[in-house]
Number of protein chains: 4
Amino acid sequence: MLWGGRFEQEFDAFSLEFSSSLGDDINLLHQELQCGAAYAEMLHSIGILTKDELQAILGGLEKIAEEWNNKTWSPDAKVFEDVHSAIESRLYELLGKTAGKLRSGRSRNDQVVTSLRLWVKKASADLQMLLHNVQKTFLAKAEPHINTIIPGYTHTQLAQPVSLAHHLLAYVEMFQRDIKRLDDVIKEADAMPLGAGALAGSTLPIDSNLLKEKLGFASIMQNSLDAVSDRDFVLDFLNACSIGMMHLSRISEELILWSTTEWGFAKIGDAFTTGSSLMPQKKNPDIAELIRGKANRVFANYQAVASLMKGLLLSYNRDMQEDKPPVFHSYNVYSSSLHLMSEMFKTVEFNNALVLERMKQTPMLATDAADWLVQQGVPFREAHDIIGELVKYSTWNNIAFKDLTLDDLKKVSPAFTESVLPVLQFDKCLEQKKTLGSPNPSFVRARIAYWKNLLK
Amino acid sequence: MLWGGRFEQEFDAFSLEFSSSLGDDINLLHQELQCGAAYAEMLHSIGILTKDELQAILGGLEKIAEEWNNKTWSPDAKVFEDVHSAIESRLYELLGKTAGKLRSGRSRNDQVVTSLRLWVKKASADLQMLLHNVQKTFLAKAEPHINTIIPGYTHTQLAQPVSLAHHLLAYVEMFQRDIKRLDDVIKEADAMPLGAGALAGSTLPIDSNLLKEKLGFASIMQNSLDAVSDRDFVLDFLNACSIGMMHLSRISEELILWSTTEWGFAKIGDAFTTGSSLMPQKKNPDIAELIRGKANRVFANYQAVASLMKGLLLSYNRDMQEDKPPVFHSYNVYSSSLHLMSEMFKTVEFNNALVLERMKQTPMLATDAADWLVQQGVPFREAHDIIGELVKYSTWNNIAFKDLTLDDLKKVSPAFTESVLPVLQFDKCLEQKKTLGSPNPSFVRARIAYWKNLLK
Amino acid sequence: MLWGGRFEQEFDAFSLEFSSSLGDDINLLHQELQCGAAYAEMLHSIGILTKDELQAILGGLEKIAEEWNNKTWSPDAKVFEDVHSAIESRLYELLGKTAGKLRSGRSRNDQVVTSLRLWVKKASADLQMLLHNVQKTFLAKAEPHINTIIPGYTHTQLAQPVSLAHHLLAYVEMFQRDIKRLDDVIKEADAMPLGAGALAGSTLPIDSNLLKEKLGFASIMQNSLDAVSDRDFVLDFLNACSIGMMHLSRISEELILWSTTEWGFAKIGDAFTTGSSLMPQKKNPDIAELIRGKANRVFANYQAVASLMKGLLLSYNRDMQEDKPPVFHSYNVYSSSLHLMSEMFKTVEFNNALVLERMKQTPMLATDAADWLVQQGVPFREAHDIIGELVKYSTWNNIAFKDLTLDDLKKVSPAFTESVLPVLQFDKCLEQKKTLGSPNPSFVRARIAYWKNLLK
Amino acid sequence: MLWGGRFEQEFDAFSLEFSSSLGDDINLLHQELQCGAAYAEMLHSIGILTKDELQAILGGLEKIAEEWNNKTWSPDAKVFEDVHSAIESRLYELLGKTAGKLRSGRSRNDQVVTSLRLWVKKASADLQMLLHNVQKTFLAKAEPHINTIIPGYTHTQLAQPVSLAHHLLAYVEMFQRDIKRLDDVIKEADAMPLGAGALAGSTLPIDSNLLKEKLGFASIMQNSLDAVSDRDFVLDFLNACSIGMMHLSRISEELILWSTTEWGFAKIGDAFTTGSSLMPQKKNPDIAELIRGKANRVFANYQAVASLMKGLLLSYNRDMQEDKPPVFHSYNVYSSSLHLMSEMFKTVEFNNALVLERMKQTPMLATDAADWLVQQGVPFREAHDIIGELVKYSTWNNIAFKDLTLDDLKKVSPAFTESVLPVLQFDKCLEQKKTLGSPNPSFVRARIAYWKNLLK
C-alpha cells in the first residue's frame with residue numbers, strides 16, 4: 001500500500017477487492033514501466049537519483065517486464081490496489097530503499113493518465129492498421145465487380161441498380177473516415193500530463209521537457225488541475241470506437257440478410273459460420289451477428305464515461321477509475337471485429353445471377369425513365385407522376401418494365417418515344433449514370449485506382 | 001462442438017475465441033447441471049433413458065459439479081463455445097454414448113434461457129437479503145437520532161430542519177421499494193422456457209409439467225418462439241439493479257459531501273477510506289466514490305441490452321449472447337455495493353454539534369414563521385412576501401433569525417405577535433410538524449417501530 | 001413569480017426561458033387543477049379556507065380548465081417558470097388575495113410529483129388499453145392461420161416450420177407481459193407525496209388521509225424527504241415504455257423484411273406506406289421503420305433519467321425538472337406506435353404460397369428426422385451427426401429433403417426405415433409436435449381460445 | 001405529397017402526423033432554400049432550366065424566405081411530411097409547373113443530408129463563438145486572482161493549495177479543446193453529398209463541382225451510397241456537444257458546492273438564482289443545476305443516434321429521420337448553457353478569506369514537507385511515512401501543521417531542520433512550485449498572457 005502512514009485501521013479486505021483496479025490497469029503495465037524508466041532518467045538529471053540508483057532502477061524495471069513476460073510474476077488483486085502499487089512493491093523487493101525514490105514528485109493521479117494516454121495512442125495506431133487491412137479486403141473483393149449489377153436499397157426495398165464494387169467501396173469510404181477520426185484521437189491524446197503530480201505540480205524541479213522527449217509526447221499539458229482531471233481523450237476514443245463498430249454492424253446486418261435463403265446473394269465461408277446443437281442442417285452467420293451484437297456495449301461504454309465525468313468536481317476522483325474498463329473493452333471488441341471482418345469477408349462468395357434475375361422483374365429503372373422525360377423537357381414533378389402511372393400500368397398488366405413496348409408507354413403518356421426503350425434495359429444502366437460518385441463503371445474504376453494507390 | 005456434421009471446413013480459431021461465451025456463462029454452471037438432472041429424469045419418465053442411463057447421467061453431472069468445486073476441471077474458452085458444450089463434452093468423456101442422449105429435444109436456445117432465469121431468480125433473492133441488511137444498518141444508525149436536528153436540503157442549499165433519523169429512514173423506504181421491485185423481477189423470471197427446443201418445440205413427448213415441478217418454476221411459457229426470444233426479464237432485472245445503484249449513488253454522494261472539511265458532519269471509518277500515494281495527509285472516501293462511479297456502467301448495461309434486442313427478428317439470434325455480461329456485471333457491482341454500504345455505514349460517525357451551530361445562524365425556520373402567519377389568517381402568498389422581507393431585514397442587520405426580537409419583527413409586519421417567537425427557535429422545531437411523514441419525532445418513532453417489526 | 005421576496009435583482013430573462021418547464025409540465029394541467037381542488041377542500045376542512053373561499057377557489061379552478069379547453073387562456077413560457085406559477089397567477093387575477101391561500105403548506109416540490117404520479121397512473125392505463133387493441137388485432141390476424149405453415153427462424157436463417165398463427169401469438173404473449181409490467185408501474189406510482197411540502201412536511205395540520213381519498217391514491221408516502229426526492233416510478237415507467245417499444249421494434253423489423261421483394265411474404269396497406277420523391281416505383285414501409293427508429297430515443301430517455309438522479313443528494317434539486325420531457329416523449333412515441341401498429345397490421349396481407357414453396361426446397365425438417373432416430377434408440381448426439389451427413393448428401397446430390405428416398409437415406413445410415421418418410425413431408429409437420437407451447441394446431445387453437453376469452 | 005403516383009389509397013392521417021418531420025426539419029429551412037438556389041443555377045448551367053425559369057425559381061425561393069421571416073407562411077405538420085414537401089408545395093403555388101423542375105435529379109435523401117451538413121457547420125461555428133465568450137469571462141475572472149490561494153481537491157477532499165486563477169484556467173483549457181473538437185466536426189461535415197440522388201446518382205449531367213463552389217463545401221463525396229447513408233458527422237457533432245456539456249456540468253457542480261453555506265466560497269448573482277414557492281429564505285443555484293441536469297439528455301442523444309444507425313443496411317432508411325431531433329436539441333441545450341454560463345459567471349463573487357482560514361487548520365502542505373525531505377536525500381517512500389506520522393502527531397496534539405515547532409518535528413523524525421519551517425506556511429506555498437503547469441504565479445501569469453493574446 002502506498003499510503004498507510006496516517007491511518008489507524010487497516011483497509012477492509014472486501015473493500016480492497018472491490019476497489020482494486022489491477023485486473024484492468026494491468027493492461028497499462030508496459031506503459032507504466034516505460035514511464036518509470038523515463039522518470040528515473042529525469043530524476044537523475046535533476047540530481048535526485050545517483051548514477052548507480054538510476055542503473056538499479058532501470059534494471060529493476062526491465063526485470064519486472066521480463067518476469068511478467070515469463071509469467072514468473074503476476075500480482076494479485078486481493079493484495080494490490082492497482083498496477084502502480086504492484087510495480088512499486090516488486091521494485092522494492094528487488095532494490096530496497098532506492099525503489100522508494102522513484103515516486104518523488106509523482107502521484108498515481110498523473111501516472112495513470114500518462115500511461116493511459118500512451119496506451120490510447122498505441123491502440124489507435126493499431127486500429128488504423130486493422131482498418132487498412134479491412135479496406136484492402138473490401139477493395140480486393142470490389143475490383144472484379146465493377147460491372148456486377150446488384151440492387152441498391154432504400155427503406156430495405158429495391159431502389160436503383162448499383163454495382164457490387166460500388167456498394168463495397170461505400171464501406172472503404174467509411175473505414176477511411178474511421179482512420180481519420182483516430183488521427184484526431186491520437187492528436188488529442190498526445191499531450192503529456194506527467195509532472196502535474198496529484199493536482200498541483202511539485203516543489204521538486206521536475207524537468208517536463210525531458211520527460212516529454214523521452215516519452216514521445218507532442219506537447220505538455222499547461223494546467224496541472226486539468227492534466228489530472230481531463231478524460232476528453234477517452235471519450236474521443238470511445239466515440240471513434242462507437243462509430244467504427246456502427247459501420248461494422250451495418251455491413252454485418254447486410255451480410256446476415258444477403259446470406260438468407262430469401263436473399264440468396266452471399267455465402268460466408270464455413271470457417272466463419274456455426275451450426276446448431278439441435279438442428280443438423282443449420283449454417284449460421286454467428287460472427288456477423290456477434291459483431292452486430294457487441295456494438296451495443298461499445299456505445300454503452302461511451303455513455304458510461306460521459307455520465308461518470310459529468311458529476312465530478314476537479315480534480316481527480318476515485319470514480320474515474322471506471323474510465324478504464326470501457327476503454328479496454330471497446331478496444332478489444334473493435335480490434336477483434338476488424339480482424340474478423342477482414343478474414344471473414346475474404347471467404348464471402350457472391351451469387352449475382354439470381355439477384356439480377358429478380359431485379360429484372362421490377363421497375364427499378366423508373367427513375368432513369370423519369371430522367372429521360374426531364375431531358376425531353378417534362379418538369380420532374382410531372383415526369384414522376386407519369387412514371388407512377390406507368391408503374392401501375394405494368395403491375396395491372398403484369399408486364400415487367402423492361403418488357404414494356406412503345407405502345408404500352410404511349411398509353412400512359414404521349415411524351416414517350418422510341419429512344420426511351422434502351423433506358424428500360426438493365427445492361428447499360430450503370431453506364432448511363434453521369435454524376436460523380438455514381439456507380440458508373442468509369443467512376444468506380446477511377447476510385448478503385450485511387451484506393452489502390454493510397455493503400456499500397 | 002455440438003454441430004459439426006454438415007460443415008466441410010473447421011471453425012476459425014480466432015472466431016471461436018471471439019464468439020465463445022464460456023467466460024461469462026460459466027456463471028450458469030450450477031443451473032445448467034440442475035437443468036440437466038431434471039431433464040434426465042424427465043427423459044427417463046418418457047422412456048428415452050433407461051434407469052441405468054439415468055443413474056449414469058445423474059452421477060456424471062454430480063461428478064462434474066464436484067470436479068468444478070475441487071478445481072480439477074476447468075474448461076477452456078479456446079476449446080469450447082459455451083458452458084453447454086463444455087458440460088456435454090465432459091459428460092461424454094465420463095460416460096461415452098449415453099451422454100449424447102441428454103440433448104434429445106433440447107437446444108442451447110431453450111437451455112441457456114432456462115438457466116439464466118433460474119440464475120436471475122436466485123440473484124434477485126440474494127440482493128433482497130443484502131437490501132435487508134442495509135436496511136438494518138440504516139435503521140440501527142437512525143434509532144438514536146430521532147431528536148438529532150440536521151439540515152434538510154433542496155438545491156444543495158440549507159432548506160428546513162429535519163432529524164438525522166428522518167433522513168436515514170428516507171433510504172430505508174427506497175431500499176424497501178428496491179426489494180419490492182425484485183419481487184416483480186422474480187415473478188417475471190419465474191416462467192419456464194424449457195421444452196421450446198430451438199424455437200418450435202419437439203416431436204418428442206417432452207413432459208413440461210414434470211420439468212416445471214423439478215425446477216421449481218411457477219409456470220410454463222405458452223409459446224415456443226416467445227420462450228427462446230424473450231429477454232424482458234433481463235431488462236427488468238437490469239432496471240432493478242439500475243434503480244438500486246442510483247439509490248446507493250445518492251447516499252454515497254451525501255457521504256462524500258458530509259465527510260468534507262467544509263461540511264464537517266460525518267467521518268467514515270479508516271477501513272473504508274484510503275490515502276494518497278503522494279499526499280501523506282489524505283483520507284479519501286474511495287468506497288463511496290466507487291459505488292457512485294460504478295453505477296454508470298450498470299445504467300449502460302440496461303441501455304446495451306435494450307438496443308441489442310430491438311433490432312432482432314424472432315427467435316434466437318447470436319447477438320443475444322451479449323445479454324449475459326451485463327447481467328453478471330450488474331449483479332456483481334450491485335451486490336458488492338450493497339454489502340460495502342452496509343459495512344461502511346456501520347463505521348460512520350456523525351458530528352451534529354457543528355452542523356446545528358451552523359443552522360442556527362440561518363433563517364431555516366422561515367417557512368414555519370410563514371405557516372404561523374397563515375394560522376393568523378394571512379394568505380400564504382402574503383405570508384411568503386412578509387417573511388421574504390424579514391430575511392432581508394435579518395441579513396442587512398446581521399441578526400440571526402432566532403435572535404430577532406418582537407420589535408424587529410413588527411418593523412416588517414404588524415401581524416407578528418409574541419407567540420411567533422418560539423417558532424423561531426430550533427429546539428422545538430421538529431415537534432411542531434403536523435403532517436404524516438414529517439420529521440416529527442413521534443412519527444419517526446412510529447416508523448422505526450414499523451421497520452423493526454418488518455425487519456426482525 | 002412565486003418567490004420574489006428576498007431578492008434584490010430580477011431574474012434574467014434568458015434564464016427564465018432556459019429554466020421554464022412550462023412547455024413540458026403544461027401536460028400536467030389537468031392533474032394540477034384536480035390536486036388544487038382536493039387541496040382546497042382539505043384546507044376548508046381544517047379551517048384555513050372558509051366555505052366561501054373554498055367555493056371561490058373551486059370555481060376559479062374550473063374556470064381555468066374551461067379557458068384552457070376553449071383556448072382563451074394559454075400561459076407563456078417567457079413569463080412563467082412552470083404550470084404551478086401559471087395557474088396561481090391566473091387564479092390570483094380571477095380571485096385576488098383568496099387565491100394566495102391555496103398554497104398554504106404546499107410546495108412545488110410535492111405538487112409536481114403528485115401531479116406526475118397521477119399522470120403516470122393515467123398514462124399507464126391508457127397504454128394498457130392500446131395494448132389490448134393490438135392484442136386483438138394480432139389475434140384476429142392469427143386465427144385463420146393455425147394451419148398456415150411459415151418458417152421459424154434462428155440467426156435470421158430458416159430453422160423449423162411453425163404456423164403464422166403461432167408466430168403472431170408470440171407477440172400477444174409479449175403484449176400481455178407489457179400490460180402486466182404497467183400494472184406494476186401503476187402500483188409503484190400509487191403512493192401520495194402531497195403533504196410533504198418542500199421536503200419536511202408542515203406545521204399546519206394538513207389532513208393527508210382526506211387528500212388521499214379525494215385524489216384516489218392507494219397509500220400515503222411515509223417519509224417527506226423521500227416523497228419529494230423519489231423518481232423511481234419514473235424509471236419504472238420508462239422501463240415499461242422501453243421494453244414495449246423494443247417489442248414493437250422487433251415486429252417492425254419483421255414487417256420490413258417480410259415486405260421485401262426477396263421475402264415476398266407480406267404487403268402492408270397503402271395507407272401505411274409511402275413513396276419516394278425521386279423514384280416513382282417505390283412503396284416503403286415508413287411507419288414500421290419509424291417505430292423501429294423511434295425506439296432508440298425511448299431507451300435513451302431511461303438512460304437520461306437514471307444518470308440524472310444518481311448524482312443528487314436529497315431532496316429536491318432543479319436537475320429533476322429534466323425528468324418530465326423523457327416521460328412525455330416516451331408516452332407519445334409509445335402510445336402512437338401502439339395505435340399505428342394496430343391499424344397498420346390490420347392492412348397486412350400475407351402470401352404464404354411462395355414462402356411454403358421455398359421451405360420445401362430446404363432441409364428444415366432435419367430436426368424432426370433426428371428426433372425420429374432418437375425414438376428408434378439412437379442417442380441424439382449420433383442422430384445429429386447422421387442428419388448432418390444427410391444434409392451434405394442432399395446438397396451434393398441436389399435432392400430436396402422431402403424427395404429423399406429410402407435408398408438415399410440408407411446410404412447415409414442403416415438406422416432409417418420406411419416410417420421416417422412421412423416425417424420429411426411438410427403437410428403433417430405441425431401436428432407431429434408434442435410439446436406444450438409448440439405450433440401444434442391443437443395447442444395453438446387452445447391458446448387462441450384462451451386469449452379470446454381474456455380479451456373479450 | 002411528392003410521391004402519390006403509384007398509390008391507390010391515401011396515406012393515413014395519423015400516420016402522416018406520426019411520420020412528419022416538419023416540426024424538426026423546419027430548422028433547416030434556410031439551408032434548404034440556399035441549396036435550392038444553388039441547384040437551380042446548376043440546372044440552368046446544364047440546360048434544364050431556361051434563364052427565365054431560373055429567375056422565377058430564385059425569386060420564388062426568396063419570397064418563401066421572406067414569408068417565413070414575416071410569419072405570413074408557416075407550413076403545417078398535419079399537411080406536409082417534411083420541409084422539402086412544404087417548400088416545393090409553396091413554390092408550386094407561386095410558380096406553377098416550373099417549380100416541378102427543381103427536383104430533377106435530386107432526392108430528399110441527398111437534399112436533407114446536404115442541408116444538415118450546412119446546418120452543422122454553421123452551428124459548430126456558432127458554438128465556437130460562444131466558447132470564446134466563456135473563455136473571456138473565465139479569463140477576466142481569473143486575472144485578479146493569481147495570488148488568491150484556494151484549496152485544490154482530490155476525492156472532494158482538501159488536497160493541496162492552488163490559486164483561484166489556476167483553477168479557472170483549467171476550464172479555459174477545456175474550452176479550448178472543445179473549440180478544437182468543433183474544428184474537427186466542421187471538417188467532417190464539410191463534404192458535399194448533393195448529386196447522390198436517392199442513392200445512385202443520376203443520369204442527368206449534374207455538375208457537382210459547381211454545386212460545391214456555390215454551397216461552400218470543401219469536397220464532394222465520392223460514393224453515392226455512402227453520401228446518403230453517412231451520419232458520422234452527426235455523431236461527431238453529438239460527441240462534441242456531450243464533452244462540452246460535461247465540462248459545463250463540472251463547473252456547475254463546483255458552483256453549486258461553492259455556493260453552499262458549508263463551503264461559503266462563492267455567491268451567484270440574484271439574476272441567475274431563484275427562490276422557493278414555500279421557503280421564503282431560499283436562494284437556489286437553479287441555472288447551474290439545470291445545466292448539470294440537461295447534460296444527461298445530450299449524452300442520451302449520442303446514444304440514441306448510435307443505436308439508431310447500427311441496425312441499418314445501406315442506404316437511406318426512414319429511421320434516419322430520428323437523427324435530427326437529437327442534433328437540434330443538443331445544440332439548443334449546449335448553446336444556451338454556454339451563453340448562460342458566461343453571463344452567470346460574470347456575477348459570481350468569491351469570498352476567499354473564509355476558505356483560506358479553513359485551509360490553514362489543515363495539513364494541506366504535507367506533500368511540500370515530504371518533497372523537502374526528498375531534497376534532503378530521504379527516499380520519497382520514507383518521506384511519505386514520516387509525514388504520515390506527522391499528520392497523526394498534529395491531530396493527536398491538536399496542533400495545526402503551520403504551528404508545528406522544530407521540536408514537534410524532531411519528535412517525529414531527526415531529518416527535520418529549521419529550513420523546513422517556511423515550507424509549512426501558506427503565504428509562500430504557490431511560489432515554491434517548480435513544475436510547468438503548476439499554480440506558481442509566474443507560470444499562471446504567463447498562461448494568462450498567452451490566452452489574452454489568443455482571445456483578443
# chains A, B, ... in the order shown; residues from 1 in each chain; ligands from 1

$ residues_around --residues "Thr156 in chain D" --least-positions-apart "5" --cutoff "12 Å" --atoms "only C-alpha atoms" --output "ChimeraX atom specification"
/A:311-319 /B:253-263,282-286,288-289 /D:151,253-254,257-258,263

$ residues_around --residues "Ala40 in chain A" --least-positions-apart "5" --cutoff "9 Å" --atoms "only C-alpha atoms" --output "VMD selection string"
chain A and resid 35 45 48 to 49 53 to 54 57 to 58 101 to 102

$ interface_residues --of "chain B" --to "chain A" --cutoff "8 Å" --atoms "only C-alpha atoms" --output "PyMOL selection string"
chain B and resi 2-12+14-15+18-19+103+105-108+197-198+270-281+286-287+289-294+296-297+299-301+303-305+307-308+317-322+336+340

$ residues_around --residues "range 166-178 of chain A" --least-positions-apart "2" --cutoff "7 Å" --atoms "only C-alpha atoms" --output "ChimeraX atom specification"
/A:131,135,138-139,142,162-164,180-182,240,244,439,444 /D:223,225-226

$ write_last_selection --atoms "N, CA, C and O atoms" --output "tab-separated table (two decimals), in the first residue's frame"
chain	number	residue	atom	x	y	z
A	131	LEU	N	-7.83	-1.27	-39.81
A	131	LEU	CA	-8.74	-0.64	-40.77
A	131	LEU	C	-8.15	-0.70	-42.17
A	131	LEU	O	-8.87	-0.96	-43.15
A	135	GLN	N	-9.89	-2.42	-45.39
A	135	GLN	CA	-10.03	-1.70	-46.67
A	135	GLN	C	-9.47	-2.53	-47.81
A	135	GLN	O	-10.09	-2.64	-48.88
A	138	PHE	N	-11.83	-5.36	-48.71
A	138	PHE	CA	-13.02	-4.91	-49.44
A	138	PHE	C	-12.65	-4.49	-50.86
A	138	PHE	O	-13.40	-4.72	-51.80
A	139	LEU	N	-11.50	-3.85	-50.97
A	139	LEU	CA	-11.07	-3.39	-52.29
A	139	LEU	C	-10.83	-4.59	-53.22
A	139	LEU	O	-11.25	-4.58	-54.39
A	142	ALA	N	-14.00	-5.90	-54.32
A	142	ALA	CA	-14.74	-5.00	-55.20
A	142	ALA	C	-14.24	-5.05	-56.63
A	142	ALA	O	-15.02	-5.04	-57.59
A	162	VAL	N	-27.10	-0.62	-58.65
A	162	VAL	CA	-25.72	-0.13	-58.46
A	162	VAL	C	-24.82	-1.32	-58.81
A	162	VAL	O	-25.32	-2.37	-59.25
A	163	SER	N	-23.54	-1.17	-58.59
A	163	SER	CA	-22.68	-2.34	-58.81
A	163	SER	C	-22.19	-2.86	-57.46
A	163	SER	O	-22.15	-2.12	-56.48
A	164	LEU	N	-21.82	-4.10	-57.44
A	164	LEU	CA	-21.28	-4.68	-56.21
A	164	LEU	C	-20.02	-3.92	-55.78
A	164	LEU	O	-19.83	-3.63	-54.59
A	180	LYS	N	-9.23	8.51	-40.19
A	180	LYS	CA	-9.08	9.95	-39.94
A	180	LYS	C	-9.48	10.32	-38.52
A	180	LYS	O	-8.80	11.10	-37.84
A	181	ARG	N	-10.57	9.75	-38.07
A	181	ARG	CA	-11.07	10.06	-36.72
A	181	ARG	C	-10.05	9.61	-35.66
A	181	ARG	O	-9.85	10.29	-34.66
A	182	LEU	N	-9.41	8.49	-35.90
A	182	LEU	CA	-8.39	8.01	-34.97
A	182	LEU	C	-7.16	8.92	-34.99
A	182	LEU	O	-6.48	9.08	-33.97
A	240	ALA	N	-14.75	7.22	-31.40
A	240	ALA	CA	-14.17	6.60	-32.60
A	240	ALA	C	-14.50	5.10	-32.65
A	240	ALA	O	-14.84	4.57	-33.71
A	244	GLY	N	-16.93	3.38	-35.46
A	244	GLY	CA	-16.33	2.27	-36.19
A	244	GLY	C	-17.16	0.99	-36.05
A	244	GLY	O	-17.41	0.29	-37.04
A	439	PRO	N	-22.51	4.90	-59.55
A	439	PRO	CA	-21.93	3.59	-59.87
A	439	PRO	C	-21.47	3.45	-61.33
A	439	PRO	O	-21.16	2.33	-61.74
A	444	VAL	N	-16.16	4.32	-60.89
A	444	VAL	CA	-15.80	3.31	-59.89
A	444	VAL	C	-14.38	2.82	-60.14
A	444	VAL	O	-13.59	2.64	-59.21
D	223	ASN	N	-18.89	8.60	-53.17
D	223	ASN	CA	-19.67	7.38	-53.33
D	223	ASN	C	-21.12	7.70	-52.98
D	223	ASN	O	-21.42	8.10	-51.85
D	225	LEU	N	-23.80	5.92	-52.52
D	225	LEU	CA	-24.44	5.16	-51.44
D	225	LEU	C	-24.01	5.70	-50.08
D	225	LEU	O	-24.83	5.91	-49.18
D	226	ASP	N	-22.73	5.90	-49.95
D	226	ASP	CA	-22.20	6.45	-48.70
D	226	ASP	C	-22.75	7.85	-48.45
D	226	ASP	O	-23.08	8.20	-47.31

$ residues_around --residues "Val374 in chain D" --least-positions-apart "4" --cutoff "10 Å" --atoms "only C-alpha atoms" --output "list of chain:residue names"
A:Ile48, A:Lys101, A:Ser104, A:Gly105, A:Leu204, D:Asp368, D:Ala369, D:Ala370, D:Val378, D:Pro379, D:Phe380, D:Arg381, D:Glu382, D:Ala383, D:His384

$ select_by_dssp --residues "range 109-240 of chain C" --states "helix (DSSP H, G or I)" --output "JSON, numbers by chain"
{"C": [109, 110, 111, 112, 113, 114, 115, 116, 117, 118, 119, 120, 121, 122, 123, 124, 125, 126, 127, 128, 129, 130, 131, 132, 133, 134, 135, 136, 137, 138, 139, 140, 141, 142, 143, 144, 145, 164, 165, 166, 167, 168, 169, 170, 171, 172, 173, 174, 175, 176, 177, 178, 179, 180, 181, 182, 183, 184, 185, 186, 187, 188, 189, 208, 209, 210, 211, 212, 213, 214, 215, 224, 225, 226, 227, 228, 229, 232, 233, 234, 235, 236, 237, 238, 239, 240]}

$ atom_distance --atom1 "CA of Gln55 in chain A" --atom2 "CA of Asp385 in chain D"
25.2 Å

$ residues_around --residues "Phe80 in chain C" --least-positions-apart "3" --cutoff "7 Å" --atoms "only C-alpha atoms" --output "ChimeraX atom specification"
/C:20,22,76-77,85-86

$ atom_distance --atom1 "CA of Ala415 in chain B" --atom2 "CA of Ile386 in chain B"
9.4 Å

$ closest_residue --among "B:Gln160, B:Ser330, B:Ser208, B:Ser89" --to "Val120 in chain B" --atoms "only C-alpha atoms"
B:Ser330

$ closest_residue --among "D:Val234, D:Ile387, D:Ala159, D:Ala449" --to "Arg117 in chain D" --atoms "only C-alpha atoms"
D:Val234

$ atom_distance --atom1 "CA of Lys63 in chain B" --atom2 "CA of Ala125 in chain B"
27.4 Å

$ residues_around --residues "Leu118 in chain C" --least-positions-apart "3" --cutoff "8 Å" --atoms "only C-alpha atoms" --output "list of chain:residue names"
C:Gln31, C:Thr114, C:Ser115, C:Lys121, C:Lys122, C:Ala189, C:Asp190

$ residues_around --residues "range 422-429 of chain D" --least-positions-apart "3" --cutoff "12 Å" --atoms "only C-alpha atoms" --output "PyMOL selection string"
(chain A and resi 200-203) or (chain D and resi 147-151+160-163+356-373+387+400-406+409+416-419+432-434+438-441)
